[in-house]
Structures are given as C-alpha cells and as structure tokens.
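The data block below is my_file-v2.cif; it holds mmCIF, C-alpha atoms.
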data_work
#
loop_
_atom_site.group_PDB
_atom_site.id
_atom_site.type_symbol
_atom_site.label_atom_id
_atom_site.label_comp_id
_atom_site.auth_asym_id
_atom_site.auth_seq_id
_atom_site.Cartn_x
_atom_site.Cartn_y
_atom_site.Cartn_z
ATOM 1 C CA MET A 1 247.724 -16.470 5.858
ATOM 2 C CA HIS A 2 244.136 -17.610 5.926
ATOM 3 C CA GLY A 3 241.689 -16.066 8.370
ATOM 4 C CA TYR A 4 239.090 -17.869 10.355
ATOM 5 C CA GLY A 5 236.102 -18.808 8.258
ATOM 6 C CA PRO A 6 234.196 -21.776 6.854
ATOM 7 C CA MET A 7 236.313 -24.785 5.980
ATOM 8 C CA PRO A 8 236.533 -25.711 2.277
ATOM 9 C CA GLN A 9 234.007 -28.297 1.273
ATOM 10 C CA GLN A 10 235.271 -31.792 0.532
ATOM 11 C CA PRO A 11 234.027 -33.374 -2.693
ATOM 12 C CA THR A 12 231.565 -36.122 -1.922
ATOM 13 C CA THR A 13 231.094 -39.262 -3.989
ATOM 14 C CA SER A 14 227.612 -39.198 -5.448
ATOM 15 C CA ARG A 15 225.712 -42.437 -5.837
ATOM 16 C CA PRO A 16 223.652 -43.018 -9.006
ATOM 17 C CA SER A 17 220.040 -43.990 -8.728
ATOM 18 C CA PRO A 18 219.164 -47.708 -8.336
ATOM 19 C CA ALA A 19 217.574 -47.757 -11.792
ATOM 20 C CA THR A 20 220.785 -46.476 -13.411
ATOM 21 C CA LEU A 21 222.940 -49.008 -11.578
ATOM 22 C CA THR A 22 220.656 -51.884 -12.537
ATOM 23 C CA THR A 23 220.618 -50.850 -16.206
ATOM 24 C CA VAL A 24 224.420 -50.611 -16.386
ATOM 25 C CA ARG A 25 224.865 -54.000 -14.707
ATOM 26 C CA VAL A 26 222.410 -55.729 -17.029
ATOM 27 C CA ILE A 27 224.089 -54.266 -20.127
ATOM 28 C CA LEU A 28 227.588 -55.305 -19.043
ATOM 29 C CA VAL A 29 226.509 -58.818 -18.082
ATOM 30 C CA VAL A 30 224.635 -59.339 -21.361
ATOM 31 C CA VAL A 31 227.600 -58.062 -23.396
ATOM 32 C CA THR A 32 229.981 -60.369 -21.534
ATOM 33 C CA VAL A 33 227.764 -63.426 -22.084
ATOM 34 C CA LEU A 34 227.067 -62.743 -25.757
ATOM 35 C CA SER A 35 230.756 -62.239 -26.489
ATOM 36 C CA CYS A 36 231.637 -65.528 -24.732
ATOM 37 C CA GLY A 37 233.819 -63.619 -22.280
ATOM 38 C CA LEU A 38 235.848 -61.722 -24.888
ATOM 39 C CA LEU A 39 234.307 -58.416 -23.719
ATOM 40 C CA GLY A 40 234.428 -59.210 -20.035
ATOM 41 C CA TRP A 41 237.201 -56.632 -19.624
ATOM 42 C CA ALA A 42 234.526 -53.903 -20.054
ATOM 43 C CA ALA A 43 232.819 -54.875 -16.782
ATOM 44 C CA MET A 44 236.188 -55.058 -15.004
ATOM 45 C CA LEU A 45 237.181 -51.660 -16.392
ATOM 46 C CA ARG A 46 234.019 -50.056 -15.016
ATOM 47 C CA LEU A 47 234.597 -51.742 -11.656
ATOM 48 C CA ALA A 48 238.170 -50.465 -11.451
ATOM 49 C CA ILE A 49 237.047 -46.926 -12.294
ATOM 50 C CA VAL A 50 234.269 -47.012 -9.670
ATOM 51 C CA THR A 51 236.249 -48.499 -6.766
ATOM 52 C CA ARG A 52 239.698 -47.086 -7.696
ATOM 53 C CA ARG A 53 241.406 -49.889 -5.845
ATOM 54 C CA PRO A 54 244.755 -51.338 -6.987
ATOM 55 C CA ARG A 55 243.403 -54.887 -6.700
ATOM 56 C CA ASP A 56 240.640 -54.197 -9.227
ATOM 57 C CA TRP A 57 243.120 -52.612 -11.651
ATOM 58 C CA PHE A 58 245.323 -55.672 -11.304
ATOM 59 C CA LEU A 59 242.382 -58.018 -11.982
ATOM 60 C CA LEU A 60 241.514 -55.918 -15.039
ATOM 61 C CA VAL A 61 244.972 -56.584 -16.441
ATOM 62 C CA VAL A 62 244.573 -60.321 -15.679
ATOM 63 C CA VAL A 63 241.189 -60.471 -17.448
ATOM 64 C CA ILE A 64 242.617 -58.657 -20.488
ATOM 65 C CA ALA A 65 245.492 -61.137 -20.635
ATOM 66 C CA LEU A 66 243.114 -64.116 -20.384
ATOM 67 C CA THR A 67 240.890 -62.607 -23.056
ATOM 68 C CA ILE A 68 243.824 -62.140 -25.424
ATOM 69 C CA GLY A 69 244.978 -65.700 -24.762
ATOM 70 C CA LEU A 70 241.452 -67.061 -25.390
ATOM 71 C CA PHE A 71 241.190 -65.098 -28.634
ATOM 72 C CA ALA A 72 244.581 -66.398 -29.773
ATOM 73 C CA PHE A 73 243.594 -69.980 -28.877
ATOM 74 C CA ILE A 74 240.368 -69.693 -30.863
ATOM 75 C CA MET A 75 242.219 -68.300 -33.885
ATOM 76 C CA ALA A 76 244.730 -71.165 -33.644
ATOM 77 C CA THR A 77 242.068 -73.893 -33.756
ATOM 78 C CA PRO A 78 241.012 -75.253 -37.142
ATOM 79 C CA ASP A 79 237.876 -73.884 -38.729
ATOM 80 C CA ASP A 80 236.356 -77.343 -39.072
ATOM 81 C CA PRO A 81 235.032 -78.512 -35.663
ATOM 82 C CA ASP A 82 235.656 -82.144 -36.678
ATOM 83 C CA GLU A 83 239.359 -81.504 -36.898
ATOM 84 C CA MET A 84 239.524 -80.170 -33.307
ATOM 85 C CA SER A 85 240.547 -82.676 -30.703
ATOM 86 C CA ASP A 86 238.355 -83.418 -27.736
ATOM 87 C CA ALA A 87 240.980 -82.148 -25.299
ATOM 88 C CA ALA A 88 241.216 -78.821 -27.095
ATOM 89 C CA ALA A 89 237.421 -78.461 -27.144
ATOM 90 C CA VAL A 90 237.106 -79.252 -23.411
ATOM 91 C CA PHE A 91 239.972 -76.879 -22.582
ATOM 92 C CA MET A 92 238.419 -74.037 -24.551
ATOM 93 C CA LEU A 93 235.004 -74.714 -22.961
ATOM 94 C CA PHE A 94 236.424 -74.534 -19.426
ATOM 95 C CA TRP A 95 238.342 -71.411 -20.376
ATOM 96 C CA VAL A 96 235.228 -69.619 -21.628
ATOM 97 C CA VAL A 97 232.981 -70.748 -18.746
ATOM 98 C CA GLY A 98 235.594 -69.885 -16.121
ATOM 99 C CA LEU A 99 236.175 -66.438 -17.587
ATOM 100 C CA LEU A 100 232.434 -65.728 -17.826
ATOM 101 C CA ALA A 101 231.610 -66.936 -14.318
ATOM 102 C CA GLY A 102 234.603 -65.243 -12.712
ATOM 103 C CA VAL A 103 234.083 -61.847 -14.337
ATOM 104 C CA ILE A 104 230.312 -61.685 -13.825
ATOM 105 C CA THR A 105 230.368 -62.945 -10.230
ATOM 106 C CA TYR A 106 233.209 -60.717 -9.087
ATOM 107 C CA TYR A 107 231.893 -57.653 -10.894
ATOM 108 C CA LEU A 108 228.362 -57.868 -9.476
ATOM 109 C CA TYR A 109 229.460 -58.759 -5.929
ATOM 110 C CA THR A 110 232.115 -56.048 -5.651
ATOM 111 C CA GLU A 111 230.073 -53.251 -7.214
ATOM 112 C CA ILE A 112 226.950 -53.977 -5.140
ATOM 113 C CA ARG A 113 229.033 -54.092 -1.962
ATOM 114 C CA HIS A 114 230.783 -50.843 -2.897
ATOM 115 C CA TYR A 115 227.582 -48.880 -3.408
ATOM 116 C CA ASN A 116 225.949 -50.356 -0.309
ATOM 117 C CA ALA A 117 228.851 -48.997 1.726
ATOM 118 C CA LEU A 118 228.177 -45.505 0.355
ATOM 119 C CA GLY A 119 224.646 -45.505 1.765
ATOM 120 C CA ALA A 120 221.366 -44.379 0.242
ATOM 121 C CA PRO A 121 221.431 -41.836 -2.596
ATOM 122 C CA VAL A 122 220.852 -38.197 -1.720
ATOM 123 C CA PRO A 123 217.384 -36.977 -2.839
ATOM 124 C CA TYR A 124 217.284 -34.469 -5.654
ATOM 125 C CA GLY A 125 217.399 -30.889 -4.410
ATOM 126 C CA ALA A 126 218.584 -31.772 -0.886
ATOM 127 C CA PRO A 127 221.580 -29.795 0.392
ATOM 128 C CA THR A 128 224.806 -31.817 0.341
ATOM 129 C CA HIS A 129 227.108 -29.315 2.062
ATOM 130 C CA PRO A 130 227.473 -29.107 5.833
ATOM 131 C CA ALA A 131 226.291 -26.124 7.815
ATOM 132 C CA PRO A 132 228.865 -23.291 8.051
ATOM 133 C CA PRO A 133 230.792 -23.241 11.331
ATOM 134 C CA LEU A 134 230.340 -20.514 13.904
ATOM 135 C CA PRO A 135 232.628 -17.456 13.834
ATOM 136 C CA TYR A 136 235.809 -17.649 15.847
ATOM 137 C CA HIS A 137 234.661 -15.394 18.664
ATOM 138 C CA GLN A 138 231.460 -17.432 19.155
ATOM 139 C CA GLN A 139 233.451 -20.684 19.180
ATOM 140 C CA HIS A 140 235.862 -19.169 21.715
ATOM 141 C CA LEU A 141 233.022 -18.117 23.994
ATOM 142 C CA ALA A 142 231.282 -21.499 23.676
ATOM 143 C CA GLN A 143 234.486 -23.378 24.584
ATOM 144 C CA HIS A 144 235.415 -21.236 27.599
ATOM 145 C CA GLN A 145 231.970 -20.665 29.011
ATOM 146 C CA PRO A 146 231.742 -22.597 32.323
ATOM 147 C CA HIS A 147 228.982 -25.021 32.718
ATOM 148 C CA GLN A 148 226.537 -23.757 35.291
ATOM 149 C CA PRO A 149 224.124 -26.224 36.831
ATOM 150 C CA GLN A 150 220.549 -25.248 36.619
ATOM 151 C CA GLN A 151 219.151 -24.151 39.950
ATOM 152 C CA HIS A 152 215.647 -25.037 40.814
ATOM 153 C CA GLN A 153 213.869 -21.781 41.454
ATOM 154 C CA PRO A 154 210.789 -21.872 43.642
ATOM 155 C CA GLN A 155 207.719 -21.412 41.578
ATOM 156 C CA PRO A 156 205.173 -18.917 42.888
ATOM 157 C CA GLN A 157 202.132 -20.525 44.317
ATOM 158 C CA GLN A 158 199.165 -20.049 42.128
ATOM 159 C CA ARG A 159 196.100 -18.704 43.815
ATOM 160 C CA GLN A 160 193.042 -20.734 43.258
ATOM 161 C CA GLN A 161 190.721 -18.804 41.021
ATOM 162 C CA PRO A 162 187.006 -18.996 41.712
ATOM 163 C CA ASN A 163 184.979 -20.891 39.213
ATOM 164 C CA PRO A 164 182.730 -18.393 37.409
ATOM 165 C CA TYR A 165 180.320 -21.141 36.361
ATOM 166 C CA THR A 166 179.345 -22.180 39.880
ATOM 167 C CA ALA A 167 176.282 -20.447 41.379
ATOM 168 C CA PRO A 168 176.964 -18.394 44.541
ATOM 169 C CA THR A 169 175.642 -19.987 47.669
ATOM 170 C CA THR A 170 173.551 -17.737 49.966
ATOM 171 C CA PRO A 171 174.379 -17.940 53.643
ATOM 172 C CA PRO A 172 171.702 -19.661 55.740
ATOM 173 C CA THR A 173 169.234 -17.460 57.618
ATOM 174 C CA PRO A 174 170.138 -17.417 61.297
ATOM 175 C CA THR A 175 167.489 -18.923 63.491
ATOM 176 C CA PRO A 176 166.356 -16.939 66.564
ATOM 177 C CA ALA A 177 168.356 -17.777 69.572
ATOM 178 C CA PRO A 178 166.688 -19.423 72.570
ATOM 179 C CA GLN A 179 167.658 -16.408 74.675
ATOM 180 C CA ARG A 180 165.121 -14.276 72.823
ATOM 181 C CA LEU A 181 162.298 -16.671 73.768
ATOM 182 C CA ASP A 182 163.382 -16.651 77.390
ATOM 183 C CA GLN A 183 163.405 -12.879 77.409
ATOM 184 C CA VAL A 184 159.863 -12.650 75.947
ATOM 185 C CA ARG A 185 158.649 -15.233 78.422
ATOM 186 C CA ALA A 186 160.198 -13.309 81.330
ATOM 187 C CA GLU A 187 158.556 -10.089 80.191
ATOM 188 C CA LEU A 188 155.207 -11.830 79.940
ATOM 189 C CA ASP A 189 155.606 -13.286 83.438
ATOM 190 C CA GLU A 190 156.560 -9.883 84.767
ATOM 191 C CA LEU A 191 153.591 -8.274 83.098
ATOM 192 C CA SER A 192 151.217 -10.907 84.460
ATOM 193 C CA ASP A 193 152.666 -10.437 87.987
ATOM 194 C CA TYR A 194 152.216 -6.724 87.685
ATOM 195 C CA LEU A 195 148.601 -7.081 86.616
ATOM 196 C CA ARG A 196 147.939 -9.614 89.339
ATOM 197 C CA LYS A 197 149.435 -7.280 91.918
ATOM 198 C CA GLY A 198 147.381 -4.389 90.647
ATOM 199 C CA ASN A 199 144.172 -6.364 90.927
ATOM 200 C CA LYS A 200 145.074 -7.405 94.455
ATOM 201 C CA ASP A 201 145.723 -3.818 95.546
ATOM 202 C CA SER A 202 142.416 -2.668 94.084
ATOM 203 C CA ARG A 203 140.538 -5.344 95.960
ATOM 204 C CA ASP A 204 142.264 -4.450 99.234
ATOM 205 C CA GLY A 205 141.296 -0.800 98.800
ATOM 206 C CA GLU A 206 137.661 -1.619 98.278
ATOM 207 C CA GLY A 207 137.564 -3.844 101.368
ATOM 208 C CA ARG A 208 138.699 -1.039 103.640
#
How would this structure read if it were set down as structure tokens?
Amino acid sequence: MHGYGPMPQQPTTSRPSPATLTTVRVILVVVTVLSCGLLGWAAMLRLAIVTRRPRDWFLLVVVIALTIGLFAFIMATPDDPDEMSDAAAVFMLFWVVGLLAGVITYYLYTEIRHYNALGAPVPYGAPTHPAPPLPYHQQHLAQHQPHQPQQHQPQPQQRQQPNPYTAPTTPPTPTPAPQRLDQVRAELDELSDYLRKGNKDSRDGEGR
C-alpha cells in the first residue's frame, strides 16, 4: 500500500536543438539524393523511430519494398544503355524520381510538424520536473476550507501632520478698541469740568 506523497514523474520527450535537427535532415536528404533513392529507407526509418506511429512503420516497409524492386529492375537492365528500350528508361526514371520526391517530401513535412507540436526545446539547466504536491493534510485543509468573502474594514482616519518646512505665522497684534478712546476722552472731559468748576468756585469766593 502506497502512502500519500509526490506522484512519480512521467518521462518527458526531449526535443533536440534546432541545429541538430537541421544537420540530421540535411544528411538524410543528401544521402537519399546521391543514392538515387536506394537509401531513402534510412530517412523513413528515422521518421518511424521519432514518431512511433503505425502509419510511418507501414510506409517504411513500402519504401523498402520499392527500393528492392528498383534495385532488382536496375540489375535486370542491360549494362549497355543503347540496348535499353525507351519505355524501360522512362519507367525507371519515373520510379527513381517518384521515390526521391515522395520520401524527401514526406520525411521533412512529417518530422517538422512532429517537433513543432512538441514546442520549444527546454533550456539547458532548467528544471523539467513539476513542483512536488502539498502533503495530504494541507490538501485536505485547502479543499474543505470555506471561502470567506473579504470584508472591507474601515481604515483609521489619518491625522493631518503639520508641515515642518512652513514658517509659523505670528498672530496679528490686536488694535486698541474704540472703547478705550471713549474712556480716555470721558476722563479728560471730567477733569476739565472739575477744573472749570474749581475756578468758578474760587472766583465766587473772592467776589464775596
């Protein structure tokens, strides 16, 4: 019985670099052309190994059979080209051209499409394994924890701080109230009445 833990990693199909793919394709195409299609089975064999599809394995068998038939037809023709009939020469030419064009076109199209479906190659040194899953008790809590809507809490009002760079303003000097002037004027009038009264009393005393 297996306990809860990280799942086993699945093997991932690594993609070669673009330079490697281009080099392999050029070599296989050149070999197929130089051999007049007799080595075209090599490109189909690589394609069947890469894609691992039954259709490509079946086409590999067909190409091998056509290659064997072409080789047998060439061996059956006379060594002197003048002794070969025109029909035989045209038939062999179509056979070679058809085998070359079919193998090269199908190989390049299918392999390019296959690697494009895999995506871009993983950079060297980058991790290719997924992150380990959470322990069972953390997964259990995460699944059964009810979703609580976030409540908008009132934010405390920020008190406006005084600006330390502003110069303090001095309060204006209070101006004397008009009541003070009226009081001084009343005292002066009272004093002048008192003096005037005193002078009048002194004059009355002298007249008697």
* To do: Step by step, work through what the PyMOL selection byres ((chain A and resi 57-73) around 7) selects in the shown file, and finish by giving those residues as a VMD selection string.
  => chain A and resid 38 41 44 to 45 48 53 to 56 74 to 77
* Name the residues captured by the PyMOL selection byres ((chain A and resi 33) around 12) when it is applied to the shown file; answer as a list in words. =>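 Selected by the PyMOL selection byres ((chain A and resi 33) around 12) here: Val26, Ile27, Leu28, Val29, Val30, Val31, Thr32, Leu34, Ser35, Cys36, Gly37, Leu38, Leu39, Gly40, Trp41, Ala42, Ala43, Val96, Val97, Gly98, Leu99, Leu100, Ala101, Gly102, Val103 and Ile104 of chain A.
The coordinates place CA of Phe94 in chain A at 26.9 Å from CA of Val24 in chain A.
Pairwise distance (CA of Val90 in chain A, CA of Leu108 in chain A) equals 27.0 Å.
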* Gap from CA of Leu47 in chain A to CA of Tyr106 in chain A - Å, one decimal ->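 Result for CA of Leu47 in chain A versus CA of Tyr106 in chain A: 9.4 Å, one decimal.
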